[in-house]
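Text of the file run-v2.txt, holding compact mmCIF, C-alpha atoms:
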```
# COMPACT_ATOMS: atom_id res chain seq x y z
CA MET A 1 -25.97 -10.14 -6.88
CA SER A 2 -26.27 -6.60 -5.52
CA LEU A 3 -23.48 -4.87 -3.68
CA PRO A 4 -23.70 -5.31 0.11
CA ALA A 5 -24.72 -2.65 2.61
CA GLU A 6 -21.13 -2.45 3.90
CA PHE A 7 -19.96 -1.30 0.46
CA HIS A 8 -22.68 1.34 0.16
CA ASP A 9 -21.91 2.67 3.65
CA ILE A 10 -18.26 3.24 2.70
CA ALA A 11 -19.32 4.69 -0.65
CA LYS A 12 -21.38 7.39 1.09
CA ARG A 13 -18.44 8.37 3.27
CA VAL A 14 -15.94 8.76 0.40
CA ASN A 15 -18.27 10.10 -2.29
CA ASN A 16 -16.99 13.23 -4.07
CA TRP A 17 -19.79 13.67 -6.61
CA GLY A 18 -20.43 17.36 -7.09
CA ARG A 19 -17.49 18.43 -4.93
CA TRP A 20 -15.84 20.18 -7.89
CA GLY A 21 -19.05 20.83 -9.80
CA GLU A 22 -21.48 18.72 -11.79
CA ALA A 23 -19.36 18.94 -14.95
CA ASP A 24 -16.13 17.76 -13.30
CA GLU A 25 -14.29 14.93 -15.08
CA ILE A 26 -10.97 14.67 -13.19
CA GLY A 27 -11.97 14.08 -9.58
CA THR A 28 -9.20 14.22 -7.01
CA LEU A 29 -6.69 15.49 -9.55
CA ASN A 30 -8.31 18.86 -8.76
CA LEU A 31 -6.27 18.66 -5.56
CA VAL A 32 -3.02 18.99 -7.52
CA THR A 33 -2.96 22.77 -7.49
CA ASP A 34 -0.20 25.11 -8.62
CA GLU A 35 0.78 25.51 -4.97
CA VAL A 36 1.03 21.73 -4.54
CA VAL A 37 3.27 21.43 -7.60
CA ARG A 38 5.52 24.27 -6.45
CA ALA A 39 5.95 22.52 -3.10
CA ALA A 40 6.60 19.22 -4.89
CA ALA A 41 9.39 20.80 -6.93
CA ALA A 42 11.21 21.56 -3.68
CA GLU A 43 11.59 17.80 -3.19
CA VAL A 44 14.28 17.78 -5.90
CA ARG A 45 17.64 18.14 -4.14
CA THR A 46 20.05 15.69 -5.78
CA GLY A 47 18.61 15.15 -9.26
CA ARG A 48 18.58 11.37 -8.78
CA ARG A 49 15.91 9.81 -11.01
CA VAL A 50 14.24 6.42 -10.51
CA PRO A 51 12.09 4.93 -13.31
CA LEU A 52 9.03 2.99 -12.17
CA ALA A 53 7.68 1.38 -15.36
CA LEU A 54 7.91 -2.20 -16.55
CA PRO A 55 9.26 -2.78 -20.07
CA LEU A 56 6.55 -2.98 -22.73
CA LYS A 57 7.12 -6.40 -24.31
CA GLU A 58 5.27 -9.31 -25.86
CA ASP A 59 6.01 -11.60 -22.92
CA GLY A 60 4.60 -9.09 -20.48
CA VAL A 61 2.47 -9.12 -17.34
CA GLN A 62 -0.80 -10.23 -18.92
CA SER A 63 -1.59 -13.95 -18.74
CA GLY A 64 -4.89 -14.02 -20.61
CA LEU A 65 -7.08 -13.77 -17.51
CA ILE A 66 -8.82 -10.65 -18.87
CA PRO A 67 -10.05 -11.15 -22.47
CA GLY A 68 -8.64 -8.62 -24.91
CA ARG A 69 -6.06 -7.19 -22.52
CA ILE A 70 -3.10 -8.30 -24.57
CA ASN A 71 0.59 -7.74 -24.02
CA PRO A 72 2.24 -5.37 -26.52
CA PHE A 73 2.73 -6.82 -30.01
CA HIS A 74 5.54 -4.89 -31.65
CA SER A 75 6.20 -4.97 -35.40
CA MET A 76 8.48 -3.10 -37.80
CA VAL A 77 6.57 -1.44 -40.64
CA GLN A 78 9.70 -0.27 -42.43
CA ILE A 79 13.37 -0.96 -41.89
CA ASN A 80 16.08 1.35 -43.30
CA GLN A 81 13.77 2.32 -46.15
CA GLU A 82 14.94 5.10 -48.46
CA ILE A 83 11.45 6.54 -48.88
CA PHE A 84 12.66 9.60 -50.82
CA GLY A 85 14.71 7.64 -53.32
CA PRO A 86 18.06 5.79 -53.54
CA GLY A 87 20.86 7.36 -51.54
CA THR A 88 18.56 9.45 -49.34
CA VAL A 89 18.24 9.23 -45.58
CA ALA A 90 16.71 5.85 -44.66
CA CYS A 91 13.90 5.49 -42.11
CA SER A 92 12.74 2.76 -39.76
CA ASP A 93 9.24 2.83 -38.27
CA ASP A 94 7.38 0.67 -35.76
CA ALA A 95 3.79 -0.15 -34.86
CA VAL A 96 2.34 -1.69 -31.72
CA THR A 97 -0.93 -3.33 -30.72
CA MET A 98 -1.61 -3.65 -27.01
CA GLY A 99 -4.12 -3.36 -24.21
CA LEU A 100 -3.87 0.11 -22.72
CA GLN A 101 -3.83 -1.45 -19.25
CA ALA A 102 -1.34 -4.14 -20.30
CA ALA A 103 1.65 -3.10 -18.18
CA THR A 104 2.40 -0.09 -15.94
CA HIS A 105 -0.71 2.06 -16.31
CA TRP A 106 -3.28 4.45 -14.93
CA ASP A 107 -6.93 3.45 -14.71
CA ALA A 108 -9.16 6.30 -15.85
CA LEU A 109 -12.20 7.18 -13.75
CA THR A 110 -14.30 5.38 -16.38
CA HIS A 111 -12.45 2.07 -16.03
CA VAL A 112 -15.22 0.61 -13.84
CA SER A 113 -18.83 1.42 -13.05
CA HIS A 114 -21.31 0.14 -10.51
CA SER A 115 -25.08 0.34 -10.22
CA GLY A 116 -25.14 1.81 -13.75
CA ARG A 117 -23.08 4.86 -12.79
CA LEU A 118 -19.63 6.32 -13.34
CA TYR A 119 -17.86 9.07 -11.39
CA ASN A 120 -19.95 12.18 -10.69
CA GLY A 121 -23.17 10.27 -11.42
CA ARG A 122 -22.61 9.92 -15.16
CA PRO A 123 -24.52 7.03 -16.76
CA ALA A 124 -22.35 4.01 -17.50
CA ASP A 125 -23.78 3.81 -21.03
CA THR A 126 -21.92 7.00 -21.95
CA ILE A 127 -19.06 4.57 -22.73
CA THR A 128 -19.62 3.25 -26.25
CA ALA A 129 -17.89 0.86 -28.60
CA HIS A 130 -17.06 3.57 -31.13
CA GLY A 131 -16.22 6.60 -29.02
CA GLY A 132 -15.07 5.06 -25.78
CA ALA A 133 -15.67 7.26 -22.73
CA GLU A 134 -17.68 10.36 -23.56
CA PHE A 135 -16.89 11.80 -20.13
CA GLY A 136 -13.96 11.18 -17.83
CA GLY A 137 -11.66 9.44 -20.32
CA ILE A 138 -7.96 9.43 -19.60
CA ASP A 139 -7.48 12.25 -22.11
CA LYS A 140 -9.32 14.52 -19.67
CA ALA A 141 -6.68 13.99 -16.97
CA PRO A 142 -4.33 16.99 -16.75
CA TYR A 143 -0.62 16.85 -16.30
CA ILE A 144 0.04 14.39 -13.46
CA VAL A 145 3.03 15.88 -11.69
CA SER A 146 2.96 16.18 -7.93
CA ARG A 147 4.66 15.19 -4.70
CA GLY A 148 4.98 11.44 -4.55
CA VAL A 149 5.09 9.46 -1.32
CA LEU A 150 6.19 5.85 -1.01
CA LEU A 151 4.37 3.89 1.68
CA ASP A 152 6.62 0.83 1.82
CA VAL A 153 4.27 -1.51 3.66
CA ALA A 154 6.49 -4.56 3.12
CA ALA A 155 9.65 -2.87 4.40
CA ALA A 156 7.80 -1.41 7.37
CA LYS A 157 7.00 -4.98 8.41
CA GLY A 158 10.58 -6.12 7.84
CA LEU A 159 9.56 -8.15 4.78
CA ASP A 160 10.75 -8.30 1.18
CA ARG A 161 7.20 -9.12 0.07
CA LEU A 162 3.81 -9.34 1.74
CA PRO A 163 2.07 -12.74 1.77
CA GLY A 164 -0.44 -13.33 -1.02
CA ASP A 165 -3.38 -13.19 1.37
CA HIS A 166 -2.46 -9.87 2.98
CA ALA A 167 -5.03 -7.08 2.69
CA VAL A 168 -3.28 -3.74 3.20
CA THR A 169 -5.18 -1.91 5.93
CA PRO A 170 -5.31 1.72 7.08
CA GLN A 171 -3.15 0.65 10.03
CA ASP A 172 -0.57 -0.72 7.58
CA LEU A 173 -0.54 2.64 5.78
CA ASP A 174 -0.07 4.47 9.07
CA GLU A 175 2.82 2.17 9.99
CA ALA A 176 4.46 2.67 6.59
CA ALA A 177 4.17 6.45 6.91
CA GLU A 178 5.76 6.27 10.35
CA PHE A 179 8.48 3.95 8.99
CA GLY A 180 9.28 6.49 6.26
CA ARG A 181 8.91 9.46 8.61
CA VAL A 182 6.61 11.06 6.07
CA GLU A 183 3.24 12.78 6.31
CA VAL A 184 0.74 12.34 3.48
CA ARG A 185 -0.58 15.72 2.36
CA SER A 186 -3.40 17.00 0.18
CA GLY A 187 -2.57 16.56 -3.52
CA ASP A 188 0.02 13.83 -2.94
CA ILE A 189 0.29 10.78 -5.16
CA VAL A 190 0.71 7.77 -2.89
CA LEU A 191 2.63 4.67 -4.03
CA VAL A 192 2.01 1.54 -1.96
CA ARG A 193 4.70 -1.14 -2.08
CA THR A 194 3.78 -4.75 -1.31
CA GLY A 195 6.78 -6.37 -3.02
CA GLN A 196 4.42 -8.52 -5.11
CA ILE A 197 6.00 -7.47 -8.40
CA GLN A 198 9.06 -9.51 -7.41
CA VAL A 199 7.01 -12.59 -8.37
CA TYR A 200 6.63 -11.30 -11.92
CA LEU A 201 10.25 -10.19 -12.16
CA ALA A 202 11.25 -13.74 -11.15
CA GLY A 203 9.32 -15.10 -14.16
CA ASP A 204 6.05 -16.27 -12.58
CA LYS A 205 3.35 -14.06 -14.06
CA HIS A 206 0.53 -16.43 -13.06
CA GLY A 207 1.68 -16.38 -9.45
CA TYR A 208 2.05 -12.60 -9.70
CA GLY A 209 -1.65 -12.18 -10.39
CA TYR A 210 -3.07 -14.79 -8.01
CA PRO A 211 -3.08 -14.87 -5.07
CA SER A 212 -1.97 -11.28 -4.55
CA PRO A 213 -1.75 -8.88 -1.64
CA GLY A 214 -3.35 -5.51 -2.26
CA LEU A 215 -5.42 -2.71 -0.83
CA SER A 216 -8.28 -3.47 1.54
CA VAL A 217 -11.79 -2.16 1.06
CA ARG A 218 -11.11 -0.04 4.16
CA THR A 219 -8.30 1.98 2.55
CA PRO A 220 -10.39 4.37 0.40
CA GLU A 221 -11.52 6.17 3.57
CA TRP A 222 -7.86 6.63 4.58
CA PHE A 223 -7.03 8.23 1.23
CA HIS A 224 -10.21 10.31 1.26
CA ALA A 225 -9.47 11.72 4.72
CA ARG A 226 -6.05 12.93 3.51
CA ASP A 227 -7.23 14.29 0.13
CA VAL A 228 -4.83 12.07 -1.80
CA ALA A 229 -4.81 12.86 -5.53
CA ALA A 230 -4.01 9.37 -6.88
CA VAL A 231 -2.75 5.98 -5.71
CA ALA A 232 -0.66 3.31 -7.42
CA ASP A 233 0.83 0.01 -6.33
CA ASP A 234 3.02 -2.87 -7.50
CA THR A 235 0.34 -5.50 -8.15
CA LEU A 236 -1.72 -6.70 -11.10
CA THR A 237 -5.10 -6.23 -9.42
CA PHE A 238 -4.42 -3.19 -7.20
CA GLU A 239 -6.61 -4.58 -4.43
CA ILE A 240 -6.27 -7.91 -2.66
CA PHE A 241 -7.14 -10.83 -4.89
CA PRO A 242 -9.14 -12.98 -4.26
CA PRO A 243 -11.28 -10.39 -2.47
CA GLU A 244 -11.38 -10.13 1.31
CA ILE A 245 -15.21 -10.14 1.27
CA GLU A 246 -16.50 -13.24 -0.50
CA ASN A 247 -17.97 -12.54 -3.94
CA LEU A 248 -17.36 -8.79 -3.65
CA TRP A 249 -15.14 -8.32 -6.69
CA LEU A 250 -13.19 -5.09 -7.32
CA PRO A 251 -14.83 -3.04 -4.54
CA VAL A 252 -11.74 -0.84 -4.11
CA HIS A 253 -11.81 -0.02 -7.83
CA ALA A 254 -15.44 1.04 -7.50
CA LEU A 255 -14.84 3.13 -4.37
CA ASP A 256 -11.71 4.84 -5.70
CA LEU A 257 -12.71 5.46 -9.30
CA VAL A 258 -16.49 5.78 -9.21
CA GLU A 259 -17.25 7.20 -5.77
CA MET A 260 -14.13 9.23 -4.97
CA GLY A 261 -12.99 10.04 -8.49
CA MET A 262 -9.41 9.04 -7.67
CA LEU A 263 -7.11 7.62 -10.35
CA GLN A 264 -5.32 4.41 -9.50
CA GLY A 265 -2.29 2.77 -11.06
CA GLN A 266 -1.15 -0.83 -11.31
CA ASN A 267 1.98 -2.81 -12.21
CA TRP A 268 4.31 -0.05 -11.00
CA ASN A 269 7.79 -1.37 -10.31
CA LEU A 270 8.61 0.08 -6.90
CA GLU A 271 11.67 -2.07 -6.12
CA SER A 272 14.36 0.43 -7.13
CA LEU A 273 12.34 3.21 -5.54
CA SER A 274 12.29 1.30 -2.24
CA THR A 275 16.06 0.97 -2.42
CA ALA A 276 16.56 4.66 -3.23
CA CYS A 277 14.24 5.80 -0.44
CA GLY A 278 16.10 3.61 2.04
CA GLU A 279 19.51 4.87 0.92
CA LEU A 280 18.45 8.51 1.05
CA SER A 281 16.24 8.14 4.16
CA ARG A 282 13.59 10.04 2.19
CA TYR A 283 10.19 8.66 1.25
CA SER A 284 8.88 11.71 -0.61
CA PHE A 285 9.94 13.00 -4.04
CA LEU A 286 8.76 14.78 -7.17
CA LEU A 287 6.73 12.34 -9.25
CA SER A 288 6.09 12.75 -12.97
CA ALA A 289 3.48 10.28 -14.25
CA MET A 290 2.00 11.78 -17.39
CA PRO A 291 -0.83 9.78 -18.99
CA GLU A 292 -0.78 9.10 -22.72
CA PRO A 293 -3.81 11.13 -23.88
CA PHE A 294 -5.76 8.47 -25.80
CA LYS A 295 -9.11 10.12 -26.51
CA GLY A 296 -11.97 8.35 -24.78
CA ALA A 297 -9.74 5.66 -23.28
CA THR A 298 -10.46 4.07 -19.91
CA GLY A 299 -6.78 3.62 -19.12
CA THR A 300 -3.32 4.38 -20.45
CA PRO A 301 0.29 3.21 -20.30
CA VAL A 302 2.53 5.40 -18.17
CA ALA A 303 6.28 5.62 -17.61
CA PRO A 304 6.54 7.27 -14.17
CA VAL A 305 9.75 8.76 -12.84
CA ALA A 306 10.54 9.70 -9.23
CA VAL A 307 13.04 12.55 -8.83
CA PHE A 308 14.91 13.20 -5.57
```
Just give me the structure of the file as structure tokens.
Amino acid sequence: MSLPAEFHDIAKRVNNWGRWGEADEIGTLNLVTDEVVRAAAAEVRTGRRVPLALPLKEDGVQSGLIPGRINPFHSMVQINQEIFGPGTVACSDDAVTMGLQAATHWDALTHVSHSGRLYNGRPADTITAHGGAEFGGIDKAPYIVSRGVLLDVAAAKGLDRLPGDHAVTPQDLDEAAEFGRVEVRSGDIVLVRTGQIQVYLAGDKHGYGYPSPGLSVRTPEWFHARDVAAVADDTLTFEIFPPEIENLWLPVHALDLVEMGMLQGQNWNLESLSTACGELSRYSFLLSAMPEPFKGATGTPVAPVAVF
């Protein structure tokens, strides 16, 4: 089934191919300039830090819905081993096997393709079994440090959590910005809170994934108009699931990653951040969200920290 005309119309309006040159591999992260980072540093006034990552554990977010995307399997490869001989300093080492998108993560621009193409018109077959992503892998993403903005859509509506069938609209984003008395600026990293992660934290990881509120297919134009550098939220699927348009699966992924070249993050725990923003009456902060530079990878774990 081909993608509908509605999708292609939006794609034309948000397309950034060639905007930063034909060789570009980082998309909207180009908007995080030195000037943007200097301004973001001014957000730090108290030093209060709020971690946004879920623990990496074997009983994690993944339920088996996506084949191969396994929760972290942690093993000890040596325990108090005196590797240099008896009486020497003893070492303990670990190993882990996991899906790179298993828990709190960034999707690289190569995470999805459509119509045989990746961001900036690259052929989808430049991703191979042995090398991964030849272009646009997560290792190409530079240091992700910028001004972060929380758009607390649930709180703006007076809710702890949005209903599972709620598609977050541009109007919702406007209302959340007004609620937080914050203006989204070029180069910002926007965090959208739905409250859905509460379902996982309560022990229901199947209910966490389905049904789930998430971003509407209309939101990429909102982010594009404001030159947002990256977007993350507190859901498994990022966008509303099941989709708002029947049989149109992952359209927001395709618009954000392929057409706009904008990184997106999932499974970010925004509950403590919501509390901190409410207590401080501040919905902007310095955000550090450095990707692990796995060469050729289409995603990576991340341990983001908001600093006030």
Ranking A:Gly209, A:Gly99, A:Gly299, A:Pro51 by minimum distance to Leu263 of chain A and counting all atoms listed in the file, which one comes first?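 Going through A:Gly209, A:Gly99, A:Gly299, A:Pro51 one by one, the smallest distance to Leu263 of chain A is for A:Gly299.
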Segment 68-75 of chain A: axis-aligned bounding box, 5 Å on each side, centre and edge lengths in Å, one decimal, as lines of an AutoDock Vina configuration file:
```
center_x = -1.2
center_y = -6.8
center_z = -29.0
size_x = 24.8
size_y = 13.7
size_z = 22.9
```
Excluding Tyr210 of chain A and its own-chain neighbours fewer than 4 positions away, which residues fall within 12 Å of it when counting only C-alpha atoms? Please give them as an MDAnalysis selection string. chainID A and resid 63 65 163:165 196:197 199:200 204:206 214 235:243
Show which residues sit within 12 Å of segment 42-46 of chain A, as a list in words. Count all atoms listed in the file, and ignore same-chain residues fewer than 2 positions away.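 Everything that qualifies: Glu35, Val36, Val37, Arg38, Ala39, Ala40, Arg48, Arg49, Val50, Ser146, Arg147, Gly148, Val149, Ala276, Leu280, Arg282, Tyr283, Ser284, Phe285, Leu286, Leu287, Ser288, Ala306, Val307 and Phe308 of chain A.
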Record the distance separating atom CA of Glu175 of chain A and atom CA of Val153 of chain A, expressed in Å with one decimal.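 Going from atom CA of Glu175 of chain A over to atom CA of Val153 of chain A covers 7.5 Å.
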At what distance in Å, to one decimal, does atom CA of Ala129 of chain A lie from atom CA of Gln264 of chain A? 23.1 Å
Using all atoms listed in the file, which of the listed residues (A:Thr219, A:Gln266, A:Ser281, A:Asn120) sits closest to Pro251 of chain A?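 For Pro251 of chain A, the nearest of the given residues is A:Thr219.
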Of the candidates A:His130, A:Arg13, A:His114, A:His74, which shows the shortest atom-to-atom distance to Arg218 of chain A, using all atoms listed in the file?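 Once distances to Arg218 of chain A are computed over all atoms listed in the file, the minimum belongs to A:Arg13.
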Skip Leu29 of chain A itself and residues of its chain fewer than 5 positions away, then list as a VMD selection string all residues within 8 Å of it, counting all atoms listed in the file. chain A and resid 141 to 142 144 187 229 to 230 262 to 263
So how far away is atom CA of Lys295 of chain A from atom CA of Ala41 of chain A, in Å?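 Between atom CA of Ala41 of chain A and atom CA of Lys295 of chain A the gap works out to 29.0 Å.
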Nearest to Cys277 of chain A: which of A:Lys140, A:Arg193, A:His105, A:Lys57 is it, counting only C-alpha atoms?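 Using only C-alpha atoms, Cys277 of chain A sits closest to A:Arg193.
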Nearest candidate to Ala177 of chain A (options A:Trp222, A:Leu151, A:Leu109, A:Leu162; using all atoms listed in the file):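 Smallest distance to Ala177 of chain A is found for A:Leu151.
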May I have the residues within 9 Å of Val96 of chain A as a ChimeraX atom specification, using all atoms listed in the file and disregarding those fewer than 6 positions away in the same chain? /A:72-76
Could you name the residues that touch Ser92 of chain A at 6 Å or less, counting all atoms listed in the file, but leaving out those on the same chain fewer than 4 positions away, as a tab-separated table (two decimals) with C-alpha atoms, in the coordinates of the input?
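Output file result_29.tsv is given in full below:
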```tsv
chain	number	residue	atom	x	y	z
A	78	GLN	CA	9.70	-0.27	-42.43
A	79	ILE	CA	13.37	-0.96	-41.89
A	80	ASN	CA	16.08	1.35	-43.30
```
Counting all atoms listed in the file, which residue out of A:Ala11, A:Asp93, A:Asp24, A:Glu82 sits closest to His253 of chain A? A:Ala11
